[in-house]
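To be precise, the following lines are target21.cif, and they hold mmCIF, C-alpha atoms.
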data_work
#
loop_
_atom_site.label_atom_id
_atom_site.label_comp_id
_atom_site.auth_asym_id
_atom_site.auth_seq_id
_atom_site.Cartn_x
_atom_site.Cartn_y
_atom_site.Cartn_z
CA MET P 70 -3.83 19.20 20.90
CA ARG P 71 -2.13 22.32 19.65
CA ILE P 72 0.64 21.49 17.19
CA GLY P 73 3.11 24.22 16.29
CA VAL P 74 5.20 24.50 13.12
CA VAL P 75 8.26 26.74 13.44
CA HIS P 76 10.02 28.94 10.93
CA GLU P 77 13.44 27.27 10.66
CA THR P 78 16.29 29.56 11.66
CA ALA P 79 19.40 27.46 10.97
CA ALA P 80 21.61 29.01 8.29
CA GLY P 81 20.61 27.89 4.80
CA GLU P 82 17.65 25.84 6.00
CA CYS P 83 14.77 26.33 3.56
CA ARG P 84 12.64 23.31 4.49
CA VAL P 85 9.53 23.37 6.66
CA ALA P 86 8.32 20.58 8.95
CA LEU P 87 4.71 20.57 7.73
CA ILE P 88 3.23 21.50 4.36
CA PRO P 89 -0.34 22.74 3.82
CA GLN P 90 -1.59 19.41 2.43
CA GLU P 91 -0.77 17.66 5.71
CA VAL P 92 -2.77 20.16 7.79
CA ASP P 93 -6.06 18.57 6.71
CA GLY P 94 -5.38 15.22 8.35
CA LEU P 95 -4.25 16.78 11.62
CA ARG P 96 -7.33 18.98 11.81
CA LYS P 97 -9.63 16.04 11.04
CA ALA P 98 -8.00 14.26 13.96
CA GLY P 99 -9.07 17.18 16.16
CA HIS P 100 -5.79 19.04 16.44
CA GLU P 101 -5.23 22.78 16.13
CA VAL P 102 -2.30 23.62 13.87
CA LEU P 103 -0.34 26.83 14.43
CA VAL P 104 2.15 27.85 11.73
CA GLU P 105 4.70 30.56 12.35
CA THR P 106 4.48 33.46 9.92
CA GLY P 107 6.60 32.74 6.85
CA ALA P 108 7.48 29.20 7.98
CA GLY P 109 6.92 27.66 4.54
CA ALA P 110 7.76 30.60 2.30
CA ALA P 111 11.30 29.49 1.41
CA ALA P 112 9.95 26.07 0.39
CA GLY P 113 7.22 27.56 -1.81
CA PHE P 114 4.35 27.27 0.68
CA PRO P 115 2.94 30.74 1.51
CA ASP P 116 0.99 31.53 4.66
CA ALA P 117 -2.23 31.77 2.64
CA ALA P 118 -1.91 28.12 1.58
CA TYR P 119 -1.79 27.06 5.23
CA ALA P 120 -4.69 29.34 6.16
CA GLU P 121 -6.82 27.86 3.37
CA ARG P 122 -6.36 24.45 4.98
CA GLY P 123 -7.45 25.74 8.36
CA ALA P 124 -4.10 26.38 10.04
CA LEU P 125 -3.67 29.45 12.22
CA ILE P 126 -0.84 31.76 11.19
CA ALA P 127 0.82 32.80 14.43
CA SER P 128 3.84 34.47 15.99
CA ALA P 129 6.92 32.56 17.08
CA THR P 130 5.85 33.01 20.71
CA ASP P 131 2.47 31.38 20.09
CA VAL P 132 3.91 28.54 18.01
CA LEU P 133 6.58 27.75 20.60
CA GLY P 134 3.83 27.63 23.22
CA ALA P 135 2.03 24.70 21.58
CA GLU P 136 1.94 21.33 23.35
CA VAL P 137 3.76 19.68 20.42
CA VAL P 138 6.30 21.68 18.41
CA LEU P 139 7.50 20.39 15.03
CA PHE P 140 10.94 21.14 13.62
CA VAL P 141 13.10 20.16 10.71
CA ARG P 142 16.22 21.11 12.68
CA ALA P 143 15.22 20.62 16.32
CA PRO P 144 17.31 21.99 19.19
CA GLY P 145 20.59 20.08 19.07
CA SER P 146 20.86 19.64 15.31
CA ALA P 147 21.98 23.26 15.11
CA PRO P 148 23.90 23.57 18.41
CA THR P 149 24.37 27.33 18.15
CA LEU P 150 20.58 27.73 18.19
CA ALA P 151 19.83 25.14 20.87
CA ASP P 152 20.06 27.43 23.90
CA ALA P 153 17.93 30.13 22.29
CA LEU P 154 15.21 27.66 21.30
CA VAL P 155 15.17 25.90 24.66
CA ALA P 156 14.75 29.26 26.41
CA TRP P 157 11.42 29.70 24.61
CA LEU P 158 10.10 26.26 25.49
CA ARG P 159 8.51 25.18 28.75
CA PRO P 160 8.43 22.02 30.85
CA GLY P 161 6.00 19.44 29.52
CA GLN P 162 6.22 20.44 25.89
CA VAL P 163 7.03 17.88 23.23
CA THR P 164 9.49 18.58 20.41
CA ILE P 165 9.91 16.42 17.31
CA GLY P 166 12.48 16.74 14.55
CA LEU P 167 16.03 16.00 13.47
CA ALA P 168 18.02 16.62 16.64
CA ASP P 169 21.40 14.84 16.23
CA PRO P 170 21.50 13.83 19.92
CA LEU P 171 24.46 11.50 19.37
CA GLY P 172 26.48 14.33 17.82
CA SER P 173 25.26 16.97 20.30
CA PRO P 174 24.65 15.15 23.60
CA ALA P 175 25.22 18.33 25.62
CA ALA P 176 22.26 19.94 23.86
CA ALA P 177 20.15 16.90 24.76
CA ALA P 178 21.16 17.36 28.41
CA ALA P 179 20.07 21.01 28.27
CA ILE P 180 16.73 20.01 26.76
CA ALA P 181 16.23 17.43 29.50
CA ALA P 182 17.07 19.98 32.19
CA ALA P 183 14.35 22.24 30.78
CA GLY P 184 11.78 19.49 31.33
CA ILE P 185 11.06 19.01 27.64
CA THR P 186 10.05 15.67 26.15
CA SER P 187 11.97 15.40 22.88
CA PHE P 188 11.93 12.94 20.01
CA ALA P 189 14.79 12.67 17.50
CA LEU P 190 13.62 11.30 14.17
CA ASP P 191 17.23 10.60 13.21
CA LEU P 192 17.15 7.71 15.70
CA LEU P 193 14.26 5.86 14.06
CA PRO P 194 14.98 2.13 13.91
CA ARG P 195 15.41 0.67 10.42
CA ILE P 196 12.41 -1.65 10.66
CA THR P 197 9.55 -2.19 8.21
CA ARG P 198 6.97 -0.38 10.35
CA ALA P 199 9.15 2.73 10.49
CA GLN P 200 9.73 3.09 6.75
CA ALA P 201 6.86 5.55 6.28
CA MET P 202 8.42 7.74 8.99
CA ASP P 203 12.06 7.44 7.93
CA VAL P 204 13.13 11.04 7.43
CA LEU P 205 16.79 10.14 7.02
CA SER P 206 15.98 7.96 4.03
CA SER P 207 13.60 10.42 2.39
CA GLN P 208 16.07 13.28 2.71
CA ALA P 209 19.08 11.15 1.72
CA THR P 210 17.29 10.21 -1.51
CA LEU P 211 17.20 13.86 -2.50
CA ALA P 212 20.79 14.42 -1.40
CA GLY P 213 22.01 11.57 -3.62
CA TYR P 214 20.08 12.93 -6.60
CA LYS P 215 21.45 16.45 -6.15
CA ALA P 216 25.01 15.14 -5.64
CA ALA P 217 24.92 13.55 -9.10
CA LEU P 218 23.62 16.77 -10.65
CA LEU P 219 26.30 18.82 -8.90
CA ALA P 220 28.97 16.51 -10.24
CA ALA P 221 27.53 16.72 -13.76
CA SER P 222 27.42 20.51 -13.64
CA ARG P 223 31.06 20.85 -12.54
CA LEU P 224 32.70 18.04 -14.54
CA ASN P 225 34.67 19.11 -17.62
CA LYS P 226 33.05 16.31 -19.64
CA ILE P 227 29.54 15.13 -20.42
CA PHE P 228 28.20 11.99 -18.76
CA PRO P 229 26.97 9.88 -21.71
CA MET P 230 28.91 8.35 -24.56
CA LEU P 231 28.27 10.38 -27.69
CA THR P 232 29.02 9.39 -31.26
CA THR P 233 29.30 12.25 -33.74
CA ALA P 234 30.79 12.92 -37.14
CA ALA P 235 33.73 14.45 -35.31
CA GLY P 236 34.38 11.30 -33.31
CA THR P 237 33.14 9.36 -30.30
CA LEU P 238 33.17 10.75 -26.78
CA PRO P 239 33.58 8.05 -24.11
CA PRO P 240 31.21 8.11 -21.12
CA ALA P 241 32.24 9.61 -17.81
CA ARG P 242 33.32 7.19 -15.10
CA ALA P 243 31.62 7.69 -11.73
CA LEU P 244 32.50 6.03 -8.44
CA VAL P 245 30.01 6.14 -5.57
CA ILE P 246 31.43 5.22 -2.16
CA GLY P 247 28.68 4.20 0.24
CA ALA P 248 25.65 2.40 -1.18
CA GLY P 249 23.10 3.49 1.37
CA VAL P 250 20.00 5.46 0.40
CA ALA P 251 21.94 8.53 -0.79
CA GLY P 252 24.51 6.42 -2.59
CA LEU P 253 21.93 4.31 -4.39
CA GLN P 254 20.12 7.40 -5.62
CA ALA P 255 23.43 8.92 -6.75
CA ILE P 256 24.21 5.69 -8.65
CA ALA P 257 20.81 5.62 -10.32
CA THR P 258 20.99 9.30 -11.31
CA CYS P 259 24.52 9.03 -12.70
CA LYS P 260 23.45 5.95 -14.64
CA ARG P 261 20.40 7.71 -16.09
CA LEU P 262 22.65 10.57 -17.17
CA GLY P 263 24.80 8.09 -19.09
CA ALA P 264 27.87 7.58 -16.92
CA VAL P 265 29.57 4.25 -16.34
CA VAL P 266 29.07 3.76 -12.60
CA SER P 267 30.94 1.68 -10.05
CA ALA P 268 30.18 1.51 -6.34
CA TYR P 269 31.82 0.44 -3.12
CA ASP P 270 30.40 -0.20 0.35
CA VAL P 271 31.80 -2.02 3.35
CA ARG P 272 28.50 -3.86 3.88
CA PRO P 273 28.40 -7.09 1.85
CA ALA P 274 24.63 -6.81 1.43
CA ALA P 275 25.12 -3.56 -0.48
CA ARG P 276 26.51 -5.33 -3.55
CA GLU P 277 23.13 -6.59 -4.74
CA GLN P 278 21.49 -3.22 -4.08
CA ALA P 279 24.17 -1.29 -5.97
CA GLU P 280 24.05 -3.67 -8.92
CA SER P 281 20.26 -3.45 -9.05
CA VAL P 282 20.44 0.27 -9.86
CA GLY P 283 23.16 -0.06 -12.50
CA ALA P 284 26.54 -0.04 -10.79
CA SER P 285 29.36 -2.53 -11.02
CA PHE P 286 30.47 -3.34 -7.49
CA VAL P 287 34.09 -2.81 -6.44
CA ASP P 288 35.29 -5.73 -4.32
CA LEU P 289 38.38 -4.77 -2.32
CA GLY P 290 38.70 -8.19 -0.70
CA LEU P 291 38.43 -6.82 2.84
CA ASP P 292 36.69 -8.50 5.77
CA ALA P 293 33.95 -6.08 6.85
CA ALA P 294 32.23 -8.15 9.54
CA GLY P 295 30.27 -5.91 11.88
CA ALA P 296 29.85 -3.12 9.33
CA GLU P 297 26.15 -2.71 10.14
CA THR P 298 24.43 -2.17 13.49
CA THR P 299 21.35 -4.07 14.61
CA GLY P 300 19.37 -0.89 13.96
CA GLY P 301 20.33 -0.93 10.28
CA TYR P 302 22.90 1.89 10.38
CA ALA P 303 26.57 1.80 9.40
CA ALA P 304 28.99 0.97 12.21
CA ALA P 305 32.52 2.27 12.75
CA LEU P 306 35.17 -0.35 11.92
CA GLY P 307 38.43 0.99 13.30
CA GLU P 308 41.36 2.89 11.83
CA ASP P 309 43.28 -0.20 10.71
CA PHE P 310 40.39 -1.30 8.50
CA TYR P 311 40.01 2.20 7.03
CA ARG P 312 43.75 2.37 6.33
CA ARG P 313 43.66 -0.89 4.34
CA GLN P 314 40.50 0.28 2.61
CA ARG P 315 42.14 3.53 1.49
CA GLU P 316 45.12 1.63 0.12
CA ALA P 317 42.84 -0.59 -1.99
CA LEU P 318 40.62 2.27 -3.14
CA GLY P 319 43.44 4.48 -4.42
CA LYS P 320 43.62 3.05 -7.95
CA VAL P 321 39.83 3.04 -8.35
CA VAL P 322 39.57 6.69 -7.32
CA ALA P 323 42.40 7.75 -9.63
CA ALA P 324 40.64 6.16 -12.61
CA SER P 325 37.33 7.95 -11.92
CA ASP P 326 36.11 11.24 -13.35
CA ILE P 327 33.59 11.63 -10.51
CA VAL P 328 33.71 10.41 -6.93
CA ILE P 329 30.64 10.78 -4.72
CA THR P 330 31.14 9.81 -1.08
CA THR P 331 28.25 9.17 1.31
CA ALA P 332 29.74 7.11 4.17
CA GLN P 333 28.57 8.28 7.59
CA VAL P 334 28.32 6.74 11.05
CA GLN P 335 25.85 8.26 13.52
CA GLY P 336 27.41 10.38 16.21
CA VAL P 337 31.06 10.06 15.18
CA ARG P 338 33.36 11.62 12.64
CA ALA P 339 32.86 10.29 9.14
CA PRO P 340 35.67 7.95 8.03
CA VAL P 341 38.30 9.46 5.74
CA LEU P 342 38.13 7.34 2.58
CA VAL P 343 39.60 9.67 -0.06
CA THR P 344 43.03 10.95 0.90
CA ALA P 345 44.89 13.98 -0.39
CA GLU P 346 47.15 11.60 -2.31
CA MET P 347 44.13 10.09 -4.10
CA VAL P 348 42.81 13.52 -5.05
CA HIS P 349 46.19 14.54 -6.48
CA ALA P 350 46.19 11.33 -8.57
CA MET P 351 42.86 12.22 -10.24
CA SER P 352 42.82 13.88 -13.66
CA PRO P 353 42.34 17.66 -13.84
CA GLY P 354 38.69 18.48 -14.39
CA SER P 355 37.50 15.61 -12.18
CA VAL P 356 35.00 16.21 -9.37
CA VAL P 357 34.61 14.91 -5.82
CA VAL P 358 31.26 15.46 -4.05
CA ASP P 359 31.56 14.72 -0.33
CA LEU P 360 28.13 14.18 1.23
CA ALA P 361 29.64 13.44 4.64
CA ALA P 362 30.98 16.97 5.07
CA ALA P 363 28.67 17.76 7.99
CA GLN P 364 30.37 14.97 9.94
CA GLY P 365 33.92 15.92 9.02
CA GLY P 366 33.97 14.56 5.48
CA ASN P 367 35.02 11.38 3.68
CA CYS P 368 37.61 13.35 1.71
CA GLU P 369 40.68 14.55 3.56
CA LEU P 370 40.71 17.89 1.70
CA SER P 371 37.00 18.73 1.93
CA GLU P 372 35.88 22.01 3.48
CA PRO P 373 32.19 22.17 4.48
CA ASP P 374 30.06 24.21 2.08
CA THR P 375 33.17 25.38 0.24
CA GLU P 376 34.38 24.62 -3.28
CA VAL P 377 38.07 23.68 -3.25
CA ASP P 378 40.35 23.36 -6.27
CA VAL P 379 43.20 20.86 -5.95
CA ASP P 380 45.40 20.84 -9.05
CA GLY P 381 42.30 21.20 -11.23
CA VAL P 382 40.19 18.68 -9.29
CA THR P 383 37.03 20.26 -7.88
CA LEU P 384 36.00 19.27 -4.34
CA LEU P 385 32.42 20.02 -3.28
CA ALA P 386 31.30 19.44 0.31
CA PRO P 387 27.64 20.47 0.73
CA THR P 388 26.23 19.92 4.22
CA ASN P 389 22.50 20.21 3.50
CA LEU P 390 21.60 19.29 -0.07
CA PRO P 391 17.94 18.47 0.70
CA ALA P 392 17.43 22.14 1.57
CA THR P 393 18.36 23.03 -2.02
CA VAL P 394 15.16 21.31 -3.20
CA PRO P 395 12.96 22.47 -0.31
CA ALA P 396 9.55 21.94 -1.91
CA HIS P 397 9.99 18.21 -2.43
CA ALA P 398 12.19 17.78 0.66
CA SER P 399 9.49 19.38 2.81
CA ARG P 400 6.77 17.30 1.16
CA LEU P 401 8.55 14.06 2.01
CA TYR P 402 9.57 15.20 5.49
CA ALA P 403 6.03 16.35 6.33
CA LYS P 404 4.54 12.99 5.32
CA ASN P 405 7.14 11.16 7.42
CA LEU P 406 6.36 13.43 10.35
CA THR P 407 2.58 13.12 10.17
CA ASN P 408 2.90 9.34 10.04
CA PHE P 409 4.96 9.55 13.23
CA LEU P 410 2.35 11.79 14.85
CA LYS P 411 -0.41 9.28 14.08
CA LEU P 412 1.51 6.69 16.06
CA LEU P 413 2.49 9.04 18.88
CA ILE P 414 -0.76 10.90 19.56
CA VAL P 415 -3.69 8.73 20.63
CA ASP P 416 -7.01 10.11 21.95
CA ASP P 417 -5.65 13.65 22.17
CA ALA P 418 -2.62 12.67 24.24
CA VAL P 419 0.99 11.87 23.50
CA ARG P 420 1.42 8.21 24.43
CA LEU P 421 4.85 7.00 25.46
CA ASP P 422 4.45 3.36 24.53
CA LEU P 423 7.95 2.20 25.38
CA ASP P 424 7.14 -1.31 24.18
CA ASP P 425 7.07 0.14 20.67
CA PRO P 426 10.66 0.38 19.33
CA ILE P 427 9.72 3.37 17.18
CA ILE P 428 8.71 5.38 20.25
CA ALA P 429 11.36 3.95 22.55
CA ASP P 430 14.27 4.49 20.15
CA THR P 431 13.37 8.07 19.21
CA LEU P 432 12.59 9.31 22.73
CA VAL P 433 15.64 11.27 23.88
CA THR P 434 14.51 13.27 26.91
CA HIS P 435 11.59 12.94 29.30
CA GLY P 436 10.83 13.75 32.93
CA GLY P 437 13.89 15.95 33.30
CA GLU P 438 16.31 13.25 32.17
CA VAL P 439 18.11 12.06 29.08
CA VAL P 440 16.55 8.62 28.58
CA ALA P 441 18.09 7.48 25.29
CA PRO P 442 20.74 4.86 26.23
CA ARG P 443 23.27 5.80 23.56
CA VAL P 444 23.00 9.50 24.40
CA ARG P 445 23.40 8.77 28.12
CA GLU P 446 26.53 6.82 27.27
CA ARG P 447 27.93 9.81 25.36
CA LEU P 448 27.28 11.96 28.43
CA GLY P 449 28.99 9.48 30.74
CA LEU P 450 25.74 8.73 32.57
CA ALA P 451 24.76 5.40 34.04
CA ALA P 452 22.05 3.40 32.32
CA ALA P 453 18.55 4.69 33.05
CA GLU P 454 16.31 2.75 35.40
CA PRO P 455 14.04 0.26 33.59
CA ALA P 456 10.69 1.69 32.53
CA PRO P 457 7.59 0.66 34.54
CA PRO P 458 5.58 -2.21 33.07
CA ALA P 459 2.72 0.00 31.87
CA ALA P 460 2.46 -0.17 28.07
CA ALA P 461 1.90 3.52 27.49
CA GLU P 462 2.36 6.69 29.49
CA PRO P 463 0.03 9.49 28.39
CA ILE P 464 1.11 13.11 28.11
CA GLY P 465 -1.31 15.89 27.37
CA PRO P 466 -4.67 17.42 28.21
CA ALA P 467 -6.59 14.16 27.80
CA ALA P 468 -4.34 12.10 30.04
CA GLY P 469 -6.23 12.85 33.23
CA GLN P 470 -3.48 11.61 35.56
CA ALA P 471 -1.60 13.49 38.24
CA THR P 472 1.67 12.06 36.99
CA ASP P 473 1.31 13.59 33.52
CA VAL P 474 3.92 15.97 32.24
CA PRO P 475 2.46 19.50 32.67
CA THR P 476 0.96 21.01 29.52
CA THR P 477 1.24 24.59 28.37
CA ALA P 478 -1.49 27.11 28.95
CA GLY P 479 -4.33 27.06 26.48
CA GLY P 480 -3.82 23.42 25.47
#

Here is the file; what I need is its structure written in the form of structure tokens.
Amino acid sequence: MRIGVVHETAAGECRVALIPQEVDGLRKAGHEVLVETGAGAAAGFPDAAYAERGALIASATDVLGAEVVLFVRAPGSAPTLADALVAWLRPGQVTIGLADPLGSPAAAAAIAAAGITSFALDLLPRITRAQAMDVLSSQATLAGYKAALLAASRLNKIFPMLTTAAGTLPPARALVIGAGVAGLQAIATCKRLGAVVSAYDVRPAAREQAESVGASFVDLGLDAAGAETTGGYAAALGEDFYRRQREALGKVVAASDIVITTAQVQGVRAPVLVTAEMVHAMSPGSVVVDLAAAQGGNCELSEPDTEVDVDGVTLLAPTNLPATVPAHASRLYAKNLTNFLKLLIVDDAVRLDLDDPIIADTLVTHGGEVVAPRVRERLGLAAAEPAPPAAAEPIGPAAGQATDVPTTAGG
């Protein structure tokens, strides 16, 4: 099959979906890899590096004509670009990437109407088999690391305790709210830099994880039953719970030099955990890094991608920290993506094995319809008809069936 790698066009996006080292495996599997001119340049991967591995350097038109098109930010994740990208694609093509279909269901509907089969890697189930494909986890790891470094660079103190002839400097006190992948990496990085770290998460199981990387866990004494979905993602808990949580967190936030927030729920606004009152109670020179800014923010005063000063407290709200370390972010993303492709493409055809939760959960559009149940619900659509009993539906030039999704010319 022809697999295309686009040059990302979302503002500030420096990552690339495939790096040169991953081209080898795809070519050995018999695929032709087309890379848009300059696609990897911002991440440190020049066109020549792809060409040396056997990829074809091509125009955007040629890349977007491939049977399978790979994105970091697929149509939908950057809604302002969705219509333009969909206009270049044709019925029967397959797109794979981060698509945010729960946050942008209208874009998913447009993709379905165009006859495109799309997979959203942000919907991967949190199961053992999917770990090697889990792009959210790999990118969140980098975001947590960079959040700690941002806080260290802006704080008016150093992180570690330091004893000198002039006296002893106490260590900085860091609070990480949300002990998911990003939060755990932020805890570990702050700890390595010498801070005293505490952590809070609504999920009871997070205590052991946070403590294992060096944090003391903050127990607010709240009942957080139902805080995690069956798919392993955080669940919304209701405004009354969040109100009581904010009341209990206030003193902990005020005593912290650094607060890093990472709490997000797929497809809905991030819960407000740090209020304006809490920020005003922090000491001048303190720092808040809000990693949920792209979903509205965990801090009431955050402004996406803008540094805000509140009575000497610095608020940072970056929306795409992985893109600030694009070489390693792209390396991890590309490995996740190629692992997904190995599962998806069998005998030169895309196989829709809907008995496999990895395929079933990430498939958003197919056959002119939005098929993902949660996205259909967001659009107010009735549940889709049950899939036929066949284990796998092939798509592509090797399928050999009249019911196949049409492929693009030259495939």

Check which residues satisfy the PyMOL selection byres ((chain P and resi 349) around 10) in the file shown, then give them as a PDB file with C-alpha atoms, in the frame of the given file.
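In the end it all went to result_38.pdb:
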ATOM      1  CA  ALA P 323      42.400   7.750  -9.630  1.00  0.00           C
ATOM      2  CA  THR P 344      43.030  10.950   0.900  1.00  0.00           C
ATOM      3  CA  ALA P 345      44.890  13.980  -0.390  1.00  0.00           C
ATOM      4  CA  GLU P 346      47.150  11.600  -2.310  1.00  0.00           C
ATOM      5  CA  MET P 347      44.130  10.090  -4.100  1.00  0.00           C
ATOM      6  CA  VAL P 348      42.810  13.520  -5.050  1.00  0.00           C
ATOM      7  CA  ALA P 350      46.190  11.330  -8.570  1.00  0.00           C
ATOM      8  CA  MET P 351      42.860  12.220 -10.240  1.00  0.00           C
ATOM      9  CA  SER P 352      42.820  13.880 -13.660  1.00  0.00           C
ATOM     10  CA  PRO P 353      42.340  17.660 -13.840  1.00  0.00           C
ATOM     11  CA  VAL P 379      43.200  20.860  -5.950  1.00  0.00           C
ATOM     12  CA  ASP P 380      45.400  20.840  -9.050  1.00  0.00           C
ATOM     13  CA  GLY P 381      42.300  21.200 -11.230  1.00  0.00           C
ATOM     14  CA  VAL P 382      40.190  18.680  -9.290  1.00  0.00           C
TER      15      VAL P 382
END

#### Entry: Selection result of the PyMOL selection byres ((chain P and resi 452) around 12) on this file, as a PyMOL selection string
chain P and resi 438-451+453-456

For this file, the PyMOL selection byres ((chain P and resi 360) around 6) selects which residues, as an mmCIF file with C-alpha atoms, in the frame of the given file?
data_model
loop_
_atom_site.group_PDB
_atom_site.id
_atom_site.type_symbol
_atom_site.label_atom_id
_atom_site.label_comp_id
_atom_site.auth_asym_id
_atom_site.auth_seq_id
_atom_site.Cartn_x
_atom_site.Cartn_y
_atom_site.Cartn_z
ATOM 1 C CA THR P 330 31.140 9.810 -1.080
ATOM 2 C CA THR P 331 28.250 9.170 1.310
ATOM 3 C CA ASP P 359 31.560 14.720 -0.330
ATOM 4 C CA ALA P 361 29.640 13.440 4.640
ATOM 5 C CA ALA P 362 30.980 16.970 5.070
#

### Query
atom CA of P:Ser187 and atom CA of P:Thr434 are how many Å apart?
5.2 Å

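Counting only C-alpha atoms and comparing P:Gly263, P:Pro194, P:Gly81, P:Gly213, the residue that lies closest to P:Ala429 is P:Pro194.
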
Would you mind listing what lies within 9 Å of P:Tyr119 as a PDB file with C-alpha atoms, keeping the file's coordinate frame, with only C-alpha atoms counted and same-chain residues fewer than 4 positions away left out?
ATOM      1  CA  ILE P  88       3.230  21.500   4.360  1.00  0.00           C
ATOM      2  CA  PRO P  89      -0.340  22.740   3.820  1.00  0.00           C
ATOM      3  CA  GLN P  90      -1.590  19.410   2.430  1.00  0.00           C
ATOM      4  CA  VAL P  92      -2.770  20.160   7.790  1.00  0.00           C
ATOM      5  CA  VAL P 104       2.150  27.850  11.730  1.00  0.00           C
ATOM      6  CA  GLY P 109       6.920  27.660   4.540  1.00  0.00           C
ATOM      7  CA  PHE P 114       4.350  27.270   0.680  1.00  0.00           C
ATOM      8  CA  PRO P 115       2.940  30.740   1.510  1.00  0.00           C
ATOM      9  CA  GLY P 123      -7.450  25.740   8.360  1.00  0.00           C
ATOM     10  CA  ALA P 124      -4.100  26.380  10.040  1.00  0.00           C
ATOM     11  CA  LEU P 125      -3.670  29.450  12.220  1.00  0.00           C
ATOM     12  CA  ILE P 126      -0.840  31.760  11.190  1.00  0.00           C
TER      13      ILE P 126
END

#### Entry: Long-range neighbours of P:Ala182 as number ranges by chain, 12 Å cut-off, only C-alpha atoms, 6 positions minimum in chain
P: 152, 155-156, 158-161, 175-176, 434-440
